[in-house]
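All remarks here apply to the structure that follows.
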Number of protein chains: 2
Amino acid sequence: MIPNDTIVALATPSGSGAIAVIRLSGPEAMRIAGTIFRSVSGKSLEKQSTHTVHLGHIVDGERDIDEVLVTVFKNPNSYTGEDVVEISCHGSSYIQQEIIQLALRSGCRMANAGEFTLRAFLNGKLDLSQAEAVADLISSDNEASHQIAMQQMRGGFSNEIAKLREELLNFASLIELELDFAEEDVEFADRKQFKDLTERISFVLKRLIDSFAVGNVIKNGIPVAIVGEPNVGKSTLLNALLNEDRAIVSEIAGTTRDTIEDEIAIGGIGFRFIDTAGIRDTTDTVERIGIKKTFEKIEQAQVVIYLFDSTDFKSQGSKFKVELEKIKNKYPQKPLIVLANKVDKIEARELSMLKSQIPEVLELSAKTGFGVDQLTHALLNLINTGALRNNETIVTNTRHYDALLKAFEEIKKVQYGLDTGLSGDLLAIDIRQALYHFGEITGEITNDDLLGNIFANFCIGK
Amino acid sequence: MIPNDTIVALATPSGSGAIAVIRLSGPEAMRIAGTIFRSVSGKSLEKQSTHTVHLGHIVDGERDIDEVLVTVFKNPNSYTGEDVVEISCHGSSYIQQEIIQLALRSGCRMANAGEFTLRAFLNGKLDLSQAEAVADLISSDNEASHQIAMQQMRGGFSNEIAKLREELLNFASLIELELDFAEEDVEFADRKQFKDLTERISFVLKRLIDSFAVGNVIKNGIPVAIVGEPNVGKSTLLNALLNEDRAIVSEIAGTTRDTIEDEIAIGGIGFRFIDTAGIRDTTDTVERIGIKKTFEKIEQAQVVIYLFDSTDFKSQGSKFKVELEKIKNKYPQKPLIVLANKVDKIEARELSMLKSQIPEVLELSAKTGFGVDQLTHALLNLINTGALRNNETIVTNTRHYDALLKAFEEIKKVQYGLDTGLSGDLLAIDIRQALYHFGEITGEITNDDLLGNIFANFCIGK
């Protein structure tokens with residue numbers, strides 16, 4: 001399984017920049033780099049110590065391709081665990097291509113997506129869940145997803161699993177040992193202790209499985225439906241949220257400039273705002289279709305913001321209240337924030353009337369920024385990020401989630417077996433199954449298909 | 001003029017990739033990097049030797065931002081000539097931002113465009129024309145422009161200028177010395193030798209000035225107008241040119257998918273293909289506008305390809321010949337290539353008739369690839385790249401071109417002064433002027449405005 005060829009790829013983003021880094025890894029990395037690199041010092045690359053940088057030129061015979069810095073990492077002290085050479089060249093796409101082509105002609109093979117990290121895994125530099133965290137880390141675009149990926153890369157998640165797996169393995173051995181002495185009817189494995197262990201395991205698994213809902217939301221951004229008619233100030237509100245020193249994360253693909261669908265990071269959490277129309281009562285067919293769509297969008301959201309123009313409250317307040325009731329009745333479980341915008345434009349008397357009729361209302365002036373802080377607090381409070389704050393392990397990966405669910409099922413079977421006095425040989429089978437699913441997460445149990453699937457999602461060069 | 005602050009910027013292209021490199025340069029680079037980097041080895045960054053790489057974490061207090069490799073370059077052995085620290089982090093935009101923000105909070109200033117290279121120039125690591133070559137190198141997208149930039153970066157161009165400047169300076173000193181002894185009427189500067197020198201200088205300047213036309217074309221791609229109606233096979237032809245193992249350089253901005261305007265590197269030279277409509281005779285107003293546009297495009301092109309469908313020759317041959325005559329009459333100087341496409345679809349008898357009527361025609365089957373080689377040879381032959389092949393210095397930079405023109409003018413004045421026996425003091429003024437323009441190229445003569453203009457065209461991080 002250990003590869004014996006040398007791979008090459010661009011490690012930095014494609015396109016033009018000041019510099020670009022091309023990475024070679026494999027048993028021949030030093031030799032190949034040595035043939036295309038002419039050091040200013042004249043010393044051969046293979047004789048240089050690990051973790052040193054050398055100025056020189058990449059040459060193709062007599063042709064000078066670029067002045068570069070070359071960094072040498074000697075196995076096992078490299079990212080992949082193999083010999084690695086990093087060429088830091090001028091960031092022209094043409095030069096990048098020329099150097100990669102030259103490396104290919106000189107004996108390298110083009111790296112597949114994720115192949116550097118795959119090699120790091122195969123060489124024991126990372127376990128599988130840590131390798132997966134590398135991809136998550138690269139695609140992390142807000143504080144929360146970054147923190148989860150960092151934690152997973154540090155091994156927080158797999159350490160927890162590995163520890164439980166070891167204890168379980170221990171019991172499995174004892175029970176299997178009993179089988180060898182079946183005729184003597186001894187019990188090496190203390191059933192009481194074993195039951196305690198399965199309970200601890202269940203507890204941890206349950207917590208990890210439950211964290212997936214939070215984790216998934218954090219990784220993908222929390223969908224927030226803004227229910228409000230045009231001109232109530234939706235885009236001003238989003239701008240106000242942005243202006244509070246928060247960054248636009250992305251404009252969601254496929255949306256036009258007309259609808260306001262932005263991802264904004266607030267307090268390190270990504271919120272995905274979904275624009276909807278109002279939901280007023282109507283007999284008009286076209287409008288009814290619009291209202292149906294609004295409800296569909298609310299369905300997808302985790303949080304609903306009901307935004308109305310407080311200067312319209314006098315004339316349309318009863319309509320607003322009907323709409324609010326509709327939402328509450330249809331989605332009693334869904335967190336709802338009611339926002340009265342443009343409160344700077346109404347009189348104090350009007351405002352207090354409004355507040356008496358809709359007690360939960362938050363006051364807002366998206367234009368002046370008044371009330372924006374209160375709103376962000378409300379949004380963050382709605383999201384249960386207790387786990388995040390307590391630095392607990394959060395599962396974000398569907399593959400891990402599936403394996404955890406399966407392991408949980410098997411542990412339940414083991415517990416049932418213990419409760420019903422199941423024979424050791426049958427118990428052992430269930431334990432082995434649970435162990436198998438634990439191993440899937442950390443990569444102790446793998447197969448080529450699984451690895452292929454995981455690393456195919458990486459970018460080339462990682 | 002030597003800066004005393006420490007700058008930071010992303011050095012790799014923006015966007016997501018396996019890794020990204022953030023560069024710090026300045027007197028405080030080591031100290032600032034030391035405060036945000038926690039080395040795995042525990043050794044302080046400031047105590048590490050130059051050109052070494054260190055594994056560790058970028059931390060903001062207790063918060064772990066990323067596992068990184070940090071490379072240390074100690075002044076004067078760095079790109080800028082200052083202390084430089086390069087942080088190689090995971091290539092997520094979020095992480096890049098976090099690290100740059102942290103560096104800014106820790107005492108760095110955001111680098112301006114080109115400021116790293118400006119510092120390299122101020123510290124005498126590069127002369128001005130070499131610094132400019134760095135920007136050209138990064139934007140080079142074919143072999144020819146790359147080769148010119150490399151040559152300029154190696155100092156080929158400025159060495160030549162610097163040598164002439166020194167000789168001229170020598171004579172200027174002698175003539176100025178004569179002025180001190182004006183009453184004694186001596187001649188320290190041998191007028192005959194001086195005249196020889198000005199002739200040599202004129203010759204070199206003339207050659208460099210003339211190379212600008214070639215250089216400019218190579219740098220920006222050679223515009224080729226393809227005259228041909230829809231369906232004669234223009235896009236098939238471009239694809240055939242591409243399939244011959246040539247890379248698309250870029251799709252020219254602002255063109256739609258409907259018109260075929262591509263830049264293709266052939267034999268290392270960029271060719272910019274401009275799609276035009278036919279030019280048949282017409283009384284239709286709309287069509288006449290189209291034909292006017294075709295001529296405008298031919299005007300912009302350096303080469304014209306007239307492409308027609310040979311299966312239509314029987315019925316429309318006389319029209320083709322009229323169109324060809326029109327082009328030849330209007331642009332007698334412009335290189336013209338006549339291509340008969342789809343020759344695989346006509347009979348031998350028809351083909352020989354076609355060739356007898358249009359003797360210069362090149363046969364082509366864009367679909368099968370037949371004749372594509374012949375076409376690329378013809379294209380390359382049309383372009384005078386003798387200078388390129390002979391490794392001569394080629395001027396591509398408008399600023400250099402202007403300075404060379406001005407220096408040439410002054411040298412002409414000096415020559416005229418020598419011929420007419422102009423007095424030493426007046427001669428000295430012209431010589432100083434010529435020296436000034438030489439100095440402008442290499443950067444011995446600079447001012448803040450000039451530097452500002454030059455480096456503003458760089459990308460940030462370089």
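As shown in the structure tokens, the chain order sets the letters A, B, ...; within each chain, residues go from 1, and ligands are also counted from 1 in the order they appear.
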Could you go through stretch 141-276 of chain B and tell me which residues DSSP, when run on the backbone, assigns to strand (DSSP E or B), listing them as a list in words?
Ile222, Pro223, Val224, Ala225, Ile226, Val227, Ile248, Val249, Ser250, Glu251, Asp262, Glu263, Ile264, Ala265, Ile266, Ile269, Gly270, Phe271, Arg272, Phe273, Ile274, Asp275 and Thr276 of chain B
Take the selection from the previous step and output its residues with N, CA, C and O atoms, as a PDB file, in the first residue's frame.
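Output (out34.pdb):
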```pdb
ATOM      1  N   ILE B 222       0.077  38.622 -30.587  1.00  0.00           N
ATOM      2  CA  ILE B 222       0.006  39.150 -31.946  1.00  0.00           C
ATOM      3  C   ILE B 222      -1.428  39.048 -32.427  1.00  0.00           C
ATOM      4  O   ILE B 222      -1.995  37.954 -32.485  1.00  0.00           O
ATOM      5  N   PRO B 223      -2.037  40.180 -32.766  1.00  0.00           N
ATOM      6  CA  PRO B 223      -3.430  40.129 -33.203  1.00  0.00           C
ATOM      7  C   PRO B 223      -3.560  39.597 -34.631  1.00  0.00           C
ATOM      8  O   PRO B 223      -2.881  40.074 -35.540  1.00  0.00           O
ATOM      9  N   VAL B 224      -4.392  38.584 -34.800  1.00  0.00           N
ATOM     10  CA  VAL B 224      -4.629  37.969 -36.103  1.00  0.00           C
ATOM     11  C   VAL B 224      -6.125  38.048 -36.396  1.00  0.00           C
ATOM     12  O   VAL B 224      -6.931  37.488 -35.650  1.00  0.00           O
ATOM     13  N   ALA B 225      -6.490  38.760 -37.470  1.00  0.00           N
ATOM     14  CA  ALA B 225      -7.905  38.817 -37.839  1.00  0.00           C
ATOM     15  C   ALA B 225      -8.233  37.620 -38.712  1.00  0.00           C
ATOM     16  O   ALA B 225      -7.527  37.345 -39.690  1.00  0.00           O
ATOM     17  N   ILE B 226      -9.279  36.867 -38.357  1.00  0.00           N
ATOM     18  CA  ILE B 226      -9.749  35.790 -39.223  1.00  0.00           C
ATOM     19  C   ILE B 226     -10.969  36.306 -39.973  1.00  0.00           C
ATOM     20  O   ILE B 226     -12.019  36.549 -39.370  1.00  0.00           O
ATOM     21  N   VAL B 227     -10.795  36.512 -41.271  1.00  0.00           N
ATOM     22  CA  VAL B 227     -11.925  36.966 -42.088  1.00  0.00           C
ATOM     23  C   VAL B 227     -12.605  35.727 -42.647  1.00  0.00           C
ATOM     24  O   VAL B 227     -11.971  34.904 -43.318  1.00  0.00           O
ATOM     25  N   ILE B 248      -4.798  27.165 -24.266  1.00  0.00           N
ATOM     26  CA  ILE B 248      -5.566  28.413 -24.288  1.00  0.00           C
ATOM     27  C   ILE B 248      -4.932  29.335 -23.277  1.00  0.00           C
ATOM     28  O   ILE B 248      -4.757  28.987 -22.117  1.00  0.00           O
ATOM     29  N   VAL B 249      -4.568  30.517 -23.704  1.00  0.00           N
ATOM     30  CA  VAL B 249      -3.962  31.453 -22.780  1.00  0.00           C
ATOM     31  C   VAL B 249      -5.047  32.185 -22.022  1.00  0.00           C
ATOM     32  O   VAL B 249      -5.045  32.280 -20.814  1.00  0.00           O
ATOM     33  N   SER B 250      -6.009  32.680 -22.729  1.00  0.00           N
ATOM     34  CA  SER B 250      -7.109  33.346 -22.039  1.00  0.00           C
ATOM     35  C   SER B 250      -8.231  33.554 -23.025  1.00  0.00           C
ATOM     36  O   SER B 250      -8.018  33.607 -24.226  1.00  0.00           O
ATOM     37  N   GLU B 251      -9.426  33.656 -22.477  1.00  0.00           N
ATOM     38  CA  GLU B 251     -10.509  34.099 -23.314  1.00  0.00           C
ATOM     39  C   GLU B 251     -10.544  35.605 -23.148  1.00  0.00           C
ATOM     40  O   GLU B 251     -10.509  36.110 -22.037  1.00  0.00           O
ATOM     41  N   ASP B 262      -9.888  34.134 -29.076  1.00  0.00           N
ATOM     42  CA  ASP B 262      -9.074  33.392 -28.132  1.00  0.00           C
ATOM     43  C   ASP B 262      -7.635  33.796 -28.269  1.00  0.00           C
ATOM     44  O   ASP B 262      -7.212  34.212 -29.332  1.00  0.00           O
ATOM     45  N   GLU B 263      -6.896  33.665 -27.174  1.00  0.00           N
ATOM     46  CA  GLU B 263      -5.461  33.827 -27.280  1.00  0.00           C
ATOM     47  C   GLU B 263      -4.844  32.443 -27.186  1.00  0.00           C
ATOM     48  O   GLU B 263      -5.142  31.675 -26.290  1.00  0.00           O
ATOM     49  N   ILE B 264      -4.034  32.111 -28.153  1.00  0.00           N
ATOM     50  CA  ILE B 264      -3.433  30.785 -28.225  1.00  0.00           C
ATOM     51  C   ILE B 264      -1.925  30.951 -28.345  1.00  0.00           C
ATOM     52  O   ILE B 264      -1.461  31.781 -29.126  1.00  0.00           O
ATOM     53  N   ALA B 265      -1.176  30.196 -27.549  1.00  0.00           N
ATOM     54  CA  ALA B 265       0.282  30.243 -27.655  1.00  0.00           C
ATOM     55  C   ALA B 265       0.739  29.225 -28.692  1.00  0.00           C
ATOM     56  O   ALA B 265       0.432  28.041 -28.575  1.00  0.00           O
ATOM     57  N   ILE B 266       1.389  29.712 -29.733  1.00  0.00           N
ATOM     58  CA  ILE B 266       1.915  28.820 -30.776  1.00  0.00           C
ATOM     59  C   ILE B 266       3.420  29.020 -30.812  1.00  0.00           C
ATOM     60  O   ILE B 266       3.887  30.147 -30.975  1.00  0.00           O
ATOM     61  N   ILE B 269       4.751  31.828 -28.782  1.00  0.00           N
ATOM     62  CA  ILE B 269       4.312  33.206 -29.039  1.00  0.00           C
ATOM     63  C   ILE B 269       2.799  33.272 -28.865  1.00  0.00           C
ATOM     64  O   ILE B 269       2.088  32.380 -29.319  1.00  0.00           O
ATOM     65  N   GLY B 270       2.326  34.323 -28.208  1.00  0.00           N
ATOM     66  CA  GLY B 270       0.889  34.470 -28.047  1.00  0.00           C
ATOM     67  C   GLY B 270       0.252  35.061 -29.301  1.00  0.00           C
ATOM     68  O   GLY B 270       0.701  36.078 -29.806  1.00  0.00           O
ATOM     69  N   PHE B 271      -0.783  34.406 -29.815  1.00  0.00           N
ATOM     70  CA  PHE B 271      -1.541  34.949 -30.944  1.00  0.00           C
ATOM     71  C   PHE B 271      -2.955  35.238 -30.478  1.00  0.00           C
ATOM     72  O   PHE B 271      -3.583  34.387 -29.861  1.00  0.00           O
ATOM     73  N   ARG B 272      -3.419  36.436 -30.768  1.00  0.00           N
ATOM     74  CA  ARG B 272      -4.756  36.829 -30.370  1.00  0.00           C
ATOM     75  C   ARG B 272      -5.646  36.784 -31.603  1.00  0.00           C
ATOM     76  O   ARG B 272      -5.470  37.579 -32.529  1.00  0.00           O
ATOM     77  N   PHE B 273      -6.561  35.836 -31.676  1.00  0.00           N
ATOM     78  CA  PHE B 273      -7.397  35.678 -32.859  1.00  0.00           C
ATOM     79  C   PHE B 273      -8.652  36.535 -32.743  1.00  0.00           C
ATOM     80  O   PHE B 273      -9.350  36.497 -31.734  1.00  0.00           O
ATOM     81  N   ILE B 274      -8.912  37.311 -33.779  1.00  0.00           N
ATOM     82  CA  ILE B 274     -10.056  38.225 -33.782  1.00  0.00           C
ATOM     83  C   ILE B 274     -11.016  37.762 -34.873  1.00  0.00           C
ATOM     84  O   ILE B 274     -10.660  37.696 -36.050  1.00  0.00           O
ATOM     85  N   ASP B 275     -12.206  37.462 -34.435  1.00  0.00           N
ATOM     86  CA  ASP B 275     -13.232  36.972 -35.349  1.00  0.00           C
ATOM     87  C   ASP B 275     -13.826  38.143 -36.127  1.00  0.00           C
ATOM     88  O   ASP B 275     -14.157  39.176 -35.560  1.00  0.00           O
ATOM     89  N   THR B 276     -13.983  37.997 -37.418  1.00  0.00           N
ATOM     90  CA  THR B 276     -14.662  39.033 -38.200  1.00  0.00           C
ATOM     91  C   THR B 276     -15.699  38.365 -39.094  1.00  0.00           C
ATOM     92  O   THR B 276     -15.672  37.152 -39.296  1.00  0.00           O
TER      93      THR B 276
END
```
So which residues touch B:Ile201 within 10 Å, counting only C-alpha atoms, skipping near sequence neighbours fewer than 4 positions away, as a ChimeraX atom specification?
/B:161,164-165,167-168,195-197,205-207,407-408,411-412
Return as a PDB file with N, CA and C atoms, in the first residue's frame the residues belonging to chain B that are within 7 Å of chain A, counting only C-alpha atoms.
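Result written to out_14.pdb:
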```
ATOM      1  N   ALA B  11       1.113  36.338  -0.094  1.00  0.00           N
ATOM      2  CA  ALA B  11       2.016  36.296  -1.252  1.00  0.00           C
ATOM      3  C   ALA B  11       1.483  35.386  -2.347  1.00  0.00           C
ATOM      4  N   THR B  12       0.616  34.453  -1.983  1.00  0.00           N
ATOM      5  CA  THR B  12       0.076  33.509  -2.963  1.00  0.00           C
ATOM      6  C   THR B  12      -1.254  34.038  -3.512  1.00  0.00           C
ATOM      7  N   PRO B  13      -1.732  33.479  -4.620  1.00  0.00           N
ATOM      8  CA  PRO B  13      -3.003  33.972  -5.172  1.00  0.00           C
ATOM      9  C   PRO B  13      -4.126  33.850  -4.146  1.00  0.00           C
ATOM     10  N   SER B  14      -5.082  34.754  -4.197  1.00  0.00           N
ATOM     11  CA  SER B  14      -6.184  34.677  -3.241  1.00  0.00           C
ATOM     12  C   SER B  14      -7.084  33.502  -3.610  1.00  0.00           C
ATOM     13  N   GLY B  15      -7.891  33.085  -2.674  1.00  0.00           N
ATOM     14  CA  GLY B  15      -8.761  31.935  -2.907  1.00  0.00           C
ATOM     15  C   GLY B  15      -8.295  30.745  -2.098  1.00  0.00           C
ATOM     16  N   SER B  16      -9.026  29.646  -2.252  1.00  0.00           N
ATOM     17  CA  SER B  16      -8.730  28.444  -1.485  1.00  0.00           C
ATOM     18  C   SER B  16      -7.728  27.562  -2.206  1.00  0.00           C
ATOM     19  N   GLY B  17      -6.807  26.981  -1.478  1.00  0.00           N
ATOM     20  CA  GLY B  17      -5.858  26.029  -2.043  1.00  0.00           C
ATOM     21  C   GLY B  17      -5.319  25.175  -0.927  1.00  0.00           C
ATOM     22  N   ALA B  18      -4.403  24.257  -1.239  1.00  0.00           N
ATOM     23  CA  ALA B  18      -3.846  23.417  -0.195  1.00  0.00           C
ATOM     24  C   ALA B  18      -3.117  24.285   0.825  1.00  0.00           C
ATOM     25  N   ILE B  19      -2.229  25.145   0.345  1.00  0.00           N
ATOM     26  CA  ILE B  19      -1.525  26.028   1.269  1.00  0.00           C
ATOM     27  C   ILE B  19      -1.555  27.468   0.758  1.00  0.00           C
ATOM     28  N   ALA B  20      -1.265  28.393   1.657  1.00  0.00           N
ATOM     29  CA  ALA B  20      -1.123  29.800   1.307  1.00  0.00           C
ATOM     30  C   ALA B  20       0.112  30.303   2.041  1.00  0.00           C
ATOM     31  N   HIS B  51      17.203  30.950   6.452  1.00  0.00           N
ATOM     32  CA  HIS B  51      16.867  29.901   5.483  1.00  0.00           C
ATOM     33  C   HIS B  51      16.544  28.567   6.147  1.00  0.00           C
ATOM     34  N   THR B  52      15.874  28.621   7.301  1.00  0.00           N
ATOM     35  CA  THR B  52      15.430  27.382   7.942  1.00  0.00           C
ATOM     36  C   THR B  52      13.914  27.423   8.121  1.00  0.00           C
ATOM     37  N   VAL B  53      13.323  26.227   8.219  1.00  0.00           N
ATOM     38  CA  VAL B  53      11.866  26.082   8.260  1.00  0.00           C
ATOM     39  C   VAL B  53      11.472  25.443   9.582  1.00  0.00           C
ATOM     40  N   HIS B  90      -2.530  26.582   6.132  1.00  0.00           N
ATOM     41  CA  HIS B  90      -3.550  25.906   5.346  1.00  0.00           C
ATOM     42  C   HIS B  90      -4.272  26.956   4.501  1.00  0.00           C
ATOM     43  N   GLY B  91      -4.620  26.573   3.259  1.00  0.00           N
ATOM     44  CA  GLY B  91      -5.073  27.578   2.292  1.00  0.00           C
ATOM     45  C   GLY B  91      -6.527  27.980   2.375  1.00  0.00           C
ATOM     46  N   SER B  92      -7.109  28.084   3.564  1.00  0.00           N
ATOM     47  CA  SER B  92      -8.482  28.593   3.657  1.00  0.00           C
ATOM     48  C   SER B  92      -8.445  30.110   3.727  1.00  0.00           C
ATOM     49  N   SER B  93      -9.374  30.755   3.022  1.00  0.00           N
ATOM     50  CA  SER B  93      -9.408  32.223   3.024  1.00  0.00           C
ATOM     51  C   SER B  93      -9.576  32.739   4.446  1.00  0.00           C
ATOM     52  N   TYR B  94     -10.368  31.998   5.220  1.00  0.00           N
ATOM     53  CA  TYR B  94     -10.609  32.426   6.596  1.00  0.00           C
ATOM     54  C   TYR B  94      -9.311  32.450   7.390  1.00  0.00           C
ATOM     55  N   LEU B 137       7.364  39.160 -15.283  1.00  0.00           N
ATOM     56  CA  LEU B 137       7.526  37.712 -15.155  1.00  0.00           C
ATOM     57  C   LEU B 137       6.242  37.090 -14.622  1.00  0.00           C
ATOM     58  N   ILE B 138       5.658  37.748 -13.621  1.00  0.00           N
ATOM     59  CA  ILE B 138       4.447  37.202 -13.016  1.00  0.00           C
ATOM     60  C   ILE B 138       3.299  37.213 -14.014  1.00  0.00           C
ATOM     61  N   SER B 139       3.258  38.235 -14.873  1.00  0.00           N
ATOM     62  CA  SER B 139       2.141  38.279 -15.816  1.00  0.00           C
ATOM     63  C   SER B 139       2.470  37.594 -17.140  1.00  0.00           C
ATOM     64  N   SER B 140       3.655  37.025 -17.264  1.00  0.00           N
ATOM     65  CA  SER B 140       4.005  36.367 -18.526  1.00  0.00           C
ATOM     66  C   SER B 140       3.130  35.140 -18.721  1.00  0.00           C
ATOM     67  N   ASP B 141       2.615  34.980 -19.932  1.00  0.00           N
ATOM     68  CA  ASP B 141       1.743  33.835 -20.154  1.00  0.00           C
ATOM     69  C   ASP B 141       2.127  33.042 -21.394  1.00  0.00           C
ATOM     70  N   ASN B 142       3.293  33.290 -21.941  1.00  0.00           N
ATOM     71  CA  ASN B 142       3.780  32.427 -23.006  1.00  0.00           C
ATOM     72  C   ASN B 142       5.296  32.449 -22.994  1.00  0.00           C
ATOM     73  N   CYS B 459       1.085  43.480  -7.971  1.00  0.00           N
ATOM     74  CA  CYS B 459       0.050  42.971  -7.086  1.00  0.00           C
ATOM     75  C   CYS B 459       0.531  43.132  -5.649  1.00  0.00           C
ATOM     76  N   GLY B 461       1.588  41.888  -2.152  1.00  0.00           N
ATOM     77  CA  GLY B 461       2.226  40.641  -1.757  1.00  0.00           C
ATOM     78  C   GLY B 461       3.519  40.407  -2.493  1.00  0.00           C
ATOM     79  N   LYS B 462       3.741  41.224  -3.564  1.00  0.00           N
ATOM     80  CA  LYS B 462       5.000  41.075  -4.299  1.00  0.00           C
ATOM     81  C   LYS B 462       5.886  42.234  -3.960  1.00  0.00           C
TER      82      LYS B 462
END
```
Calculate how many Å separate atom CA of A:Ser211 from atom CA of A:Ile394, rounding to one decimal.
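Separation of atom CA of A:Ser211 and atom CA of A:Ile394: 5.2 Å.
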Between atom CA of A:Ala213 and atom CA of A:Gln302, what is the distance in Å, rounded to a tenth?
11.3 Å
Could you find all residues in stretch 147-251 of chain B that DSSP calls helix (DSSP H, G or I) from the backbone, and write them as a ChimeraX atom specification?
/B:147-153,156-180,182-184,191-220,234-243
Which distance in Å separates atom CA of A:Leu45 and atom CA of A:Pro27, to one decimal?
14.0 Å
Counting only C-alpha atoms, what is within 12 Å of stretch 415-431 of chain A, bar same-chain residues fewer than 5 positions away, as a count of residues only?
44
With only C-alpha atoms as the counted atoms, please give the residues lying no more than 12 Å from A:Thr294, apart from itself and same-chain residues fewer than 3 positions off, as a short mmCIF file (atom, residue, chain, number, x, y, z; two decimals) with N, CA, C and O atoms, in the first residue's frame.
```cif
data_model
loop_
_atom_site.label_atom_id
_atom_site.label_comp_id
_atom_site.auth_asym_id
_atom_site.auth_seq_id
_atom_site.Cartn_x
_atom_site.Cartn_y
_atom_site.Cartn_z
N ALA A 225 -34.88 32.48 7.70
CA ALA A 225 -35.83 33.04 6.74
C ALA A 225 -36.25 34.42 7.22
O ALA A 225 -36.64 34.59 8.38
N ILE A 226 -36.12 35.43 6.35
CA ILE A 226 -36.64 36.76 6.68
C ILE A 226 -37.98 36.92 5.99
O ILE A 226 -38.04 36.99 4.76
N VAL A 227 -39.05 36.93 6.79
CA VAL A 227 -40.37 37.12 6.21
C VAL A 227 -40.67 38.62 6.24
O VAL A 227 -40.65 39.24 7.30
N GLY A 228 -40.89 39.18 5.09
CA GLY A 228 -41.16 40.61 5.05
C GLY A 228 -41.38 41.05 3.62
O GLY A 228 -40.75 40.53 2.72
N GLU A 229 -42.31 41.99 3.44
CA GLU A 229 -42.60 42.46 2.10
C GLU A 229 -41.49 43.37 1.60
O GLU A 229 -40.67 43.84 2.39
N ILE A 274 -32.39 33.97 4.07
CA ILE A 274 -33.24 33.59 2.95
C ILE A 274 -34.38 34.59 2.85
O ILE A 274 -35.16 34.77 3.79
N ASP A 275 -34.44 35.24 1.73
CA ASP A 275 -35.45 36.27 1.49
C ASP A 275 -36.79 35.61 1.15
O ASP A 275 -36.86 34.69 0.36
N THR A 276 -37.87 36.05 1.78
CA THR A 276 -39.20 35.55 1.42
C THR A 276 -40.14 36.73 1.23
O THR A 276 -39.84 37.85 1.65
N ALA A 277 -41.26 36.46 0.61
CA ALA A 277 -42.27 37.51 0.48
C ALA A 277 -43.15 37.47 1.73
O ALA A 277 -42.97 36.64 2.60
N GLY A 278 -44.07 38.35 1.81
CA GLY A 278 -45.00 38.34 2.93
C GLY A 278 -45.95 37.15 2.84
O GLY A 278 -45.84 36.31 1.94
N ILE A 279 -46.90 37.05 3.79
CA ILE A 279 -47.81 35.90 3.77
C ILE A 279 -49.24 36.35 3.96
O ILE A 279 -50.06 35.64 4.52
N ARG A 280 -49.55 37.58 3.54
CA ARG A 280 -50.90 38.11 3.79
C ARG A 280 -51.99 37.23 3.16
O ARG A 280 -51.72 36.49 2.21
N GLU A 287 -50.62 35.39 -6.04
CA GLU A 287 -50.12 35.67 -4.70
C GLU A 287 -50.11 34.43 -3.83
O GLU A 287 -49.22 34.25 -3.01
N ARG A 288 -51.11 33.57 -4.03
CA ARG A 288 -51.16 32.36 -3.22
C ARG A 288 -49.95 31.46 -3.48
O ARG A 288 -49.45 30.81 -2.57
N ILE A 289 -49.49 31.46 -4.75
CA ILE A 289 -48.28 30.70 -5.06
C ILE A 289 -47.09 31.28 -4.31
O ILE A 289 -46.29 30.57 -3.71
N GLY A 290 -47.01 32.63 -4.27
CA GLY A 290 -45.93 33.31 -3.55
C GLY A 290 -45.93 32.94 -2.08
O GLY A 290 -44.88 32.67 -1.50
N ILE A 291 -47.11 32.90 -1.50
CA ILE A 291 -47.22 32.57 -0.07
C ILE A 291 -46.83 31.12 0.19
O ILE A 291 -46.17 30.81 1.17
N LYS A 297 -39.93 28.11 2.24
CA LYS A 297 -38.63 28.64 2.69
C LYS A 297 -38.53 28.62 4.21
O LYS A 297 -37.48 28.33 4.77
N ILE A 298 -39.63 28.95 4.87
CA ILE A 298 -39.63 28.89 6.33
C ILE A 298 -39.35 27.46 6.79
O ILE A 298 -38.60 27.22 7.73
N GLU A 299 -39.92 26.51 6.04
CA GLU A 299 -39.71 25.08 6.33
C GLU A 299 -38.20 24.76 6.38
O GLU A 299 -37.73 24.06 7.27
N GLN A 300 -37.46 25.30 5.42
CA GLN A 300 -36.02 25.01 5.32
C GLN A 300 -35.20 25.72 6.40
O GLN A 300 -34.06 25.36 6.65
N ALA A 301 -35.77 26.79 6.95
CA ALA A 301 -34.99 27.62 7.85
C ALA A 301 -34.97 27.06 9.27
O ALA A 301 -35.87 26.32 9.67
N VAL A 304 -36.73 31.99 12.11
CA VAL A 304 -37.54 32.88 11.28
C VAL A 304 -37.46 34.30 11.85
O VAL A 304 -37.58 34.49 13.07
N TYR A 306 -39.44 37.79 11.48
CA TYR A 306 -40.59 38.48 10.90
C TYR A 306 -40.30 39.97 10.98
O TYR A 306 -40.17 40.53 12.08
N GLU A 323 -50.61 37.61 10.44
CA GLU A 323 -49.50 36.89 9.80
C GLU A 323 -48.62 36.18 10.84
O GLU A 323 -48.25 35.02 10.68
N ILE A 327 -47.71 32.09 11.38
CA ILE A 327 -46.38 31.47 11.46
C ILE A 327 -46.27 30.65 12.74
O ILE A 327 -45.83 29.51 12.74
#
```
